[in-house]
Amino acid sequence: MTPPHLPPARLAELLDALVEQGWYHGEGFLPEALHAPLYAEIEAMAAREALAAAGVGRGTEHHLRRDIRGDAIRWFNRESLAQRRYLEAMDELQQALNQALFLGLFEYEAHFARYPPDAFYRRHLDSFRGRANRVISTVGYLNPDWPADGGGEMVIYDAETPERELTRVRPEAGTFVCFLSDRVPHEVLPTRYPRDSIAGWFRRNASLGGRVDPSR
Ligand code: OGA
Ligand code: MN
């Protein structure tokens with residue numbers, strides 16, 4: 001038996017928060033053994049320019065919109081031990097979510113994201129009702145010792161009153177956030193320094209007529 005990747009007490013805290021309010025924000029949630037190697041990996045990717053400007057929308061409606069989001073991304077492809085370990089941790093989370101909330105989650109997709117100085121991501125939802133195959137969004141943060149003046153906070157807003165701010169997340173290594181993808185408006189404020197995270201989504205199979213819904 002391999003030991004669990006996520007502390008069970010923190011997992012329980014996450015499930016309670018998701019049930020009660022639809023979102024969770026936990027500092028020091030990810031063990032250093034998970035986030036430190038991912039930080040090394042994204043730094044190396046940035047150095048060899050292996051990250052690509054992120055777009056908005058899926059499939060043929062995918063466009064570059066720097067006025068909406070300014071991050072550069074690279075999808076996980078399991079090429080490193082760091083990625084595989086993180087995916088194992090998310091698999092633990094997926095099982096806990098399915099047991100506690102009967103969500104029927106069957107798949108997880110994730111990408112590295114780097115916001116260069118001045119980049120932001122305007123307020124948005126991660127999926128839309130009716131096409132809600134992204135069910136739960138996750139973000140894990142990677143920058144150790146994020147400076148007090150660094151900006152780049154992720155703001156979570158109230159689902160009913162989107163002007164109402166509920167929490168502000170400093171993008172500090174080990175912090176983890178998750179929320180209902182089609183309910184919780186959120187945004188990334190402009191950052192002053194390169195800001196690194198792993199964004200991921202648990203999906204339900206929204207297949208129609210035998211065609212599995214494409215993830216991107
Ligand atoms: C996203 C997103 C938030 C963050 O990629 O959809 O909202 O803090 N990311 O990186
Ligand atoms: Mn988002």
# chains A, B, ... in the order shown; residues from 1 in each chain; ligands from 1
>>> select_by_dssp(residues="stretch 49-98 of chain A", states="strand (DSSP E)", output="list in words")
Ala52, Ala53, Ala72, Ile73, Arg74 and Trp75 of chain A
>>> residues_near_ligand(ligand="ligand 2", cutoff="7 Å", atoms="only C-alpha atoms and all ligand atoms", output="ChimeraX atom specification")
/A:124-126,186-187
>>> residues_around(residues="stretch 47-58 of chain A", least_positions_apart="5", cutoff="9 Å", atoms="only C-alpha atoms", output="list in words")
Ile42, His63, Leu64, Arg65, Arg66, Ile68, Arg69, Gly70, Asp71, Ala72, Ile73, Arg74, Phe112, Ala113, Arg114, Pro214, Ser215 and Arg216 of chain A
>>> closest_residue(among="A:Leu15, A:Ala46, A:Ala148, A:Leu87", to="A:Ile198", atoms="only C-alpha atoms")
A:Leu87
>>> closest_atom_pairs(of="chain A", to="ligand 1", cutoff="9 Å", atoms="only C-alpha atoms and all ligand atoms", output="JSON lines")
{"residue": "A:Arg69", "atom": "CA", "partner": "ligand 1", "partner_atom_place_in_ligand_line": "5 (O)", "distance": 8.9}
{"residue": "A:Asp71", "atom": "CA", "partner": "ligand 1", "partner_atom_place_in_ligand_line": "5 (O)", "distance": 8.4}
{"residue": "A:His111", "atom": "CA", "partner": "ligand 1", "partner_atom_place_in_ligand_line": "5 (O)", "distance": 8.4}
{"residue": "A:Ala113", "atom": "CA", "partner": "ligand 1", "partner_atom_place_in_ligand_line": "10 (O)", "distance": 6.8}
{"residue": "A:Arg114", "atom": "CA", "partner": "ligand 1", "partner_atom_place_in_ligand_line": "10 (O)", "distance": 8.2}
{"residue": "A:Tyr115", "atom": "CA", "partner": "ligand 1", "partner_atom_place_in_ligand_line": "10 (O)", "distance": 8.1}
{"residue": "A:Tyr121", "atom": "CA", "partner": "ligand 1", "partner_atom_place_in_ligand_line": "7 (O)", "distance": 6.9}
{"residue": "A:Arg122", "atom": "CA", "partner": "ligand 1", "partner_atom_place_in_ligand_line": "7 (O)", "distance": 8.6}
{"residue": "A:Arg123", "atom": "CA", "partner": "ligand 1", "partner_atom_place_in_ligand_line": "7 (O)", "distance": 8.2}
{"residue": "A:His124", "atom": "CA", "partner": "ligand 1", "partner_atom_place_in_ligand_line": "7 (O)", "distance": 7.4}
{"residue": "A:Leu125", "atom": "CA", "partner": "ligand 1", "partner_atom_place_in_ligand_line": "6 (O)", "distance": 7.7}
{"residue": "A:Asp126", "atom": "CA", "partner": "ligand 1", "partner_atom_place_in_ligand_line": "6 (O)", "distance": 5.8}
{"residue": "A:Ser137", "atom": "CA", "partner": "ligand 1", "partner_atom_place_in_ligand_line": "6 (O)", "distance": 7.8}
{"residue": "A:Thr138", "atom": "CA", "partner": "ligand 1", "partner_atom_place_in_ligand_line": "9 (N)", "distance": 8.3}
{"residue": "A:Val139", "atom": "CA", "partner": "ligand 1", "partner_atom_place_in_ligand_line": "4 (C)", "distance": 6.0}
{"residue": "A:Gly140", "atom": "CA", "partner": "ligand 1", "partner_atom_place_in_ligand_line": "10 (O)", "distance": 7.9}
{"residue": "A:Tyr141", "atom": "CA", "partner": "ligand 1", "partner_atom_place_in_ligand_line": "8 (O)", "distance": 7.6}
{"residue": "A:Gly152", "atom": "CA", "partner": "ligand 1", "partner_atom_place_in_ligand_line": "8 (O)", "distance": 7.8}
{"residue": "A:Glu153", "atom": "CA", "partner": "ligand 1", "partner_atom_place_in_ligand_line": "8 (O)", "distance": 7.1}
{"residue": "A:Met154", "atom": "CA", "partner": "ligand 1", "partner_atom_place_in_ligand_line": "8 (O)", "distance": 4.9}
{"residue": "A:Val155", "atom": "CA", "partner": "ligand 1", "partner_atom_place_in_ligand_line": "8 (O)", "distance": 8.2}
{"residue": "A:Val169", "atom": "CA", "partner": "ligand 1", "partner_atom_place_in_ligand_line": "8 (O)", "distance": 7.8}
{"residue": "A:Arg170", "atom": "CA", "partner": "ligand 1", "partner_atom_place_in_ligand_line": "8 (O)", "distance": 8.8}
{"residue": "A:Pro171", "atom": "CA", "partner": "ligand 1", "partner_atom_place_in_ligand_line": "8 (O)", "distance": 7.0}
{"residue": "A:Val177", "atom": "CA", "partner": "ligand 1", "partner_atom_place_in_ligand_line": "8 (O)", "distance": 8.4}
{"residue": "A:Pro185", "atom": "CA", "partner": "ligand 1", "partner_atom_place_in_ligand_line": "7 (O)", "distance": 8.9}
{"residue": "A:His186", "atom": "CA", "partner": "ligand 1", "partner_atom_place_in_ligand_line": "7 (O)", "distance": 6.3}
{"residue": "A:Glu187", "atom": "CA", "partner": "ligand 1", "partner_atom_place_in_ligand_line": "7 (O)", "distance": 6.0}
{"residue": "A:Val188", "atom": "CA", "partner": "ligand 1", "partner_atom_place_in_ligand_line": "8 (O)", "distance": 5.7}
{"residue": "A:Leu189", "atom": "CA", "partner": "ligand 1", "partner_atom_place_in_ligand_line": "8 (O)", "distance": 8.9}
{"residue": "A:Arg195", "atom": "CA", "partner": "ligand 1", "partner_atom_place_in_ligand_line": "10 (O)", "distance": 8.3}
{"residue": "A:Asp196", "atom": "CA", "partner": "ligand 1", "partner_atom_place_in_ligand_line": "10 (O)", "distance": 7.5}
{"residue": "A:Ser197", "atom": "CA", "partner": "ligand 1", "partner_atom_place_in_ligand_line": "10 (O)", "distance": 5.5}
{"residue": "A:Ile198", "atom": "CA", "partner": "ligand 1", "partner_atom_place_in_ligand_line": "10 (O)", "distance": 6.9}
{"residue": "A:Ala199", "atom": "CA", "partner": "ligand 1", "partner_atom_place_in_ligand_line": "5 (O)", "distance": 5.2}
{"residue": "A:Gly200", "atom": "CA", "partner": "ligand 1", "partner_atom_place_in_ligand_line": "5 (O)", "distance": 7.6}
>>> write_last_selection(atoms="N, CA, C and O atoms", output="compact mmCIF listing (two decimals), in the first residue's frame")
# COMPACT_ATOMS: atom_id res chain seq x y z
N ARG A 69 -7.55 36.74 -20.87
CA ARG A 69 -6.59 35.96 -20.07
C ARG A 69 -5.20 36.03 -20.69
O ARG A 69 -5.06 36.03 -21.91
N ASP A 71 -2.34 34.06 -19.50
CA ASP A 71 -1.41 33.01 -19.06
C ASP A 71 -0.89 32.19 -20.23
O ASP A 71 -1.43 32.21 -21.34
N HIS A 111 -3.55 21.40 -16.51
CA HIS A 111 -2.42 22.02 -17.20
C HIS A 111 -1.60 22.90 -16.26
O HIS A 111 -2.11 23.44 -15.28
N ALA A 113 0.16 26.43 -15.64
CA ALA A 113 -0.14 27.78 -16.10
C ALA A 113 0.86 28.75 -15.50
O ALA A 113 1.11 28.71 -14.29
N ARG A 114 1.43 29.61 -16.33
CA ARG A 114 2.28 30.69 -15.85
C ARG A 114 1.70 32.02 -16.31
O ARG A 114 1.47 32.22 -17.51
N TYR A 115 1.42 32.90 -15.35
CA TYR A 115 1.00 34.26 -15.65
C TYR A 115 2.23 35.14 -15.59
O TYR A 115 2.80 35.30 -14.51
N TYR A 121 -6.67 37.11 -15.45
CA TYR A 121 -7.74 36.34 -16.09
C TYR A 121 -9.04 36.94 -15.55
O TYR A 121 -9.32 36.84 -14.37
N ARG A 122 -9.79 37.59 -16.42
CA ARG A 122 -11.03 38.26 -16.02
C ARG A 122 -12.04 37.27 -15.40
O ARG A 122 -11.98 36.07 -15.65
N ARG A 123 -12.98 37.85 -14.66
CA ARG A 123 -13.99 37.02 -13.99
C ARG A 123 -14.71 36.11 -14.99
O ARG A 123 -15.14 36.57 -16.05
N HIS A 124 -14.83 34.84 -14.62
CA HIS A 124 -15.46 33.86 -15.51
C HIS A 124 -15.97 32.66 -14.72
O HIS A 124 -15.67 32.51 -13.54
N LEU A 125 -16.72 31.81 -15.41
CA LEU A 125 -17.08 30.48 -14.92
C LEU A 125 -16.29 29.48 -15.76
O LEU A 125 -15.96 29.75 -16.91
N ASP A 126 -16.01 28.30 -15.19
CA ASP A 126 -15.23 27.31 -15.94
C ASP A 126 -16.09 26.40 -16.82
O ASP A 126 -15.56 25.71 -17.69
N SER A 137 -13.66 22.34 -10.42
CA SER A 137 -12.40 22.96 -10.79
C SER A 137 -11.43 22.86 -9.63
O SER A 137 -11.84 22.97 -8.47
N THR A 138 -10.14 22.71 -9.94
CA THR A 138 -9.11 22.71 -8.90
C THR A 138 -7.99 23.65 -9.31
O THR A 138 -7.70 23.79 -10.51
N VAL A 139 -7.36 24.31 -8.36
CA VAL A 139 -6.13 25.05 -8.64
C VAL A 139 -5.15 24.79 -7.50
O VAL A 139 -5.49 24.95 -6.33
N GLY A 140 -3.93 24.37 -7.88
CA GLY A 140 -2.84 24.19 -6.92
C GLY A 140 -1.77 25.22 -7.23
O GLY A 140 -1.41 25.41 -8.39
N TYR A 141 -1.27 25.88 -6.20
CA TYR A 141 -0.30 26.96 -6.41
C TYR A 141 1.12 26.50 -6.12
O TYR A 141 1.34 25.62 -5.27
N GLY A 152 -1.72 39.11 -8.13
CA GLY A 152 -2.02 37.78 -8.66
C GLY A 152 -2.96 36.96 -7.81
O GLY A 152 -3.03 35.74 -7.97
N GLU A 153 -3.72 37.60 -6.91
CA GLU A 153 -4.66 36.83 -6.10
C GLU A 153 -5.79 36.28 -6.98
O GLU A 153 -6.17 36.90 -7.97
N MET A 154 -6.30 35.12 -6.59
CA MET A 154 -7.49 34.59 -7.25
C MET A 154 -8.67 34.98 -6.36
O MET A 154 -8.67 34.69 -5.17
N VAL A 155 -9.64 35.67 -6.95
CA VAL A 155 -10.80 36.13 -6.18
C VAL A 155 -11.98 35.23 -6.50
O VAL A 155 -12.28 34.97 -7.67
N VAL A 169 -7.37 34.53 -2.72
CA VAL A 169 -6.38 33.47 -2.58
C VAL A 169 -5.00 33.99 -2.99
O VAL A 169 -4.81 34.39 -4.14
N ARG A 170 -4.06 34.03 -2.04
CA ARG A 170 -2.66 34.36 -2.40
C ARG A 170 -2.06 33.14 -3.07
O ARG A 170 -2.18 32.02 -2.55
N PRO A 171 -1.38 33.33 -4.21
CA PRO A 171 -0.88 32.17 -4.95
C PRO A 171 0.40 31.60 -4.35
O PRO A 171 1.44 31.52 -5.01
N VAL A 177 -7.26 25.21 -4.08
CA VAL A 177 -8.63 25.72 -4.15
C VAL A 177 -9.43 24.76 -5.01
O VAL A 177 -8.92 24.23 -6.00
N PRO A 185 -18.15 32.13 -9.82
CA PRO A 185 -17.38 33.09 -10.61
C PRO A 185 -16.05 33.39 -9.91
O PRO A 185 -16.00 33.49 -8.69
N HIS A 186 -15.00 33.51 -10.70
CA HIS A 186 -13.68 33.77 -10.12
C HIS A 186 -12.83 34.52 -11.12
O HIS A 186 -13.14 34.54 -12.32
N GLU A 187 -11.76 35.15 -10.62
CA GLU A 187 -10.87 35.89 -11.51
C GLU A 187 -9.47 35.89 -10.94
O GLU A 187 -9.28 35.65 -9.75
N VAL A 188 -8.48 36.11 -11.82
CA VAL A 188 -7.09 36.25 -11.37
C VAL A 188 -6.71 37.71 -11.56
O VAL A 188 -6.77 38.25 -12.67
N LEU A 189 -6.36 38.38 -10.44
CA LEU A 189 -5.95 39.79 -10.51
C LEU A 189 -4.56 39.90 -11.13
O LEU A 189 -3.77 38.95 -11.08
N ARG A 195 3.75 33.95 -12.10
CA ARG A 195 2.86 33.27 -11.15
C ARG A 195 2.50 31.91 -11.71
O ARG A 195 1.94 31.79 -12.80
N ASP A 196 2.81 30.86 -10.94
CA ASP A 196 2.70 29.50 -11.46
C ASP A 196 1.65 28.68 -10.72
O ASP A 196 1.62 28.67 -9.49
N SER A 197 0.81 28.00 -11.47
CA SER A 197 -0.22 27.16 -10.86
C SER A 197 -0.51 25.96 -11.74
O SER A 197 -0.10 25.90 -12.90
N ILE A 198 -1.25 25.02 -11.15
CA ILE A 198 -1.80 23.89 -11.89
C ILE A 198 -3.32 24.02 -11.84
O ILE A 198 -3.92 23.94 -10.77
N ALA A 199 -3.93 24.24 -13.00
CA ALA A 199 -5.39 24.29 -13.06
C ALA A 199 -5.88 22.94 -13.57
O ALA A 199 -5.28 22.37 -14.48
N GLY A 200 -6.94 22.42 -12.95
CA GLY A 200 -7.44 21.12 -13.37
C GLY A 200 -8.94 21.01 -13.18
O GLY A 200 -9.54 21.79 -12.42
>>> closest_residue(among="A:Arg183, A:Arg164, A:His25, A:Arg134", to="A:Trp201", atoms="only C-alpha atoms")
A:Arg134
>>> atom_distance(atom1="atom CA of A:Trp23", atom2="atom CA of A:Leu81")
28.7 Å
>>> atom_distance(atom1="atom CA of A:Phe106", atom2="atom CA of A:Met90")
11.6 Å
>>> closest_residue(among="A:Phe176, A:Pro116, A:Ser80, A:Tyr193", to="A:Asp149", atoms="only C-alpha atoms")
A:Tyr193
>>> atom_distance(atom1="atom CA of A:Glu20", atom2="atom CA of A:Gln95")
19.0 Å
>>> closest_atom_pairs(of="stretch 54-128 of chain A", to="stretch 7-11 of chain A", cutoff="10 Å", atoms="only C-alpha atoms", output="JSON lines")
{"residue": "A:Glu92", "atom": "CA", "partner": "A:Leu11", "partner_atom": "CA", "distance": 9.3}
{"residue": "A:Leu93", "atom": "CA", "partner": "A:Leu11", "partner_atom": "CA", "distance": 7.4}
{"residue": "A:Ala96", "atom": "CA", "partner": "A:Leu11", "partner_atom": "CA", "distance": 7.9}
{"residue": "A:Leu97", "atom": "CA", "partner": "A:Leu11", "partner_atom": "CA", "distance": 9.4}
>>> write_last_selection(atoms="all heavy atoms", output="mmCIF file, in the first residue's frame")
data_model
loop_
_atom_site.group_PDB
_atom_site.id
_atom_site.type_symbol
_atom_site.label_atom_id
_atom_site.label_comp_id
_atom_site.auth_asym_id
_atom_site.auth_seq_id
_atom_site.Cartn_x
_atom_site.Cartn_y
_atom_site.Cartn_z
ATOM 1 N N GLU A 92 -7.128 10.414 -5.696
ATOM 2 C CA GLU A 92 -7.629 10.257 -4.318
ATOM 3 C C GLU A 92 -8.781 11.218 -4.054
ATOM 4 O O GLU A 92 -9.805 10.846 -3.476
ATOM 5 C CB GLU A 92 -6.520 10.599 -3.310
ATOM 6 C CG GLU A 92 -5.619 9.453 -2.952
ATOM 7 C CD GLU A 92 -4.423 9.941 -2.149
ATOM 8 O OE1 GLU A 92 -4.497 11.002 -1.485
ATOM 9 O OE2 GLU A 92 -3.398 9.265 -2.215
ATOM 10 N N LEU A 93 -8.580 12.462 -4.488
ATOM 11 C CA LEU A 93 -9.622 13.470 -4.289
ATOM 12 C C LEU A 93 -10.884 13.086 -5.053
ATOM 13 O O LEU A 93 -12.000 13.208 -4.537
ATOM 14 C CB LEU A 93 -9.092 14.846 -4.732
ATOM 15 C CG LEU A 93 -10.059 16.020 -4.673
ATOM 16 C CD1 LEU A 93 -10.661 16.179 -3.277
ATOM 17 C CD2 LEU A 93 -9.342 17.314 -5.068
ATOM 18 N N ALA A 96 -12.780 10.472 -3.179
ATOM 19 C CA ALA A 96 -13.432 11.048 -1.992
ATOM 20 C C ALA A 96 -14.664 11.855 -2.397
ATOM 21 O O ALA A 96 -15.715 11.788 -1.747
ATOM 22 C CB ALA A 96 -12.439 11.924 -1.235
ATOM 23 N N LEU A 97 -14.555 12.618 -3.490
ATOM 24 C CA LEU A 97 -15.681 13.427 -3.961
ATOM 25 C C LEU A 97 -16.837 12.525 -4.393
ATOM 26 O O LEU A 97 -18.005 12.789 -4.080
ATOM 27 C CB LEU A 97 -15.256 14.312 -5.136
ATOM 28 C CG LEU A 97 -14.308 15.474 -4.812
ATOM 29 C CD1 LEU A 97 -13.701 16.054 -6.092
ATOM 30 C CD2 LEU A 97 -15.040 16.563 -4.039
#
>>> closest_residue(among="A:Met45, A:Ala100, A:Ala119, A:Ala40", to="A:Ala82", atoms="only C-alpha atoms")
A:Ala40
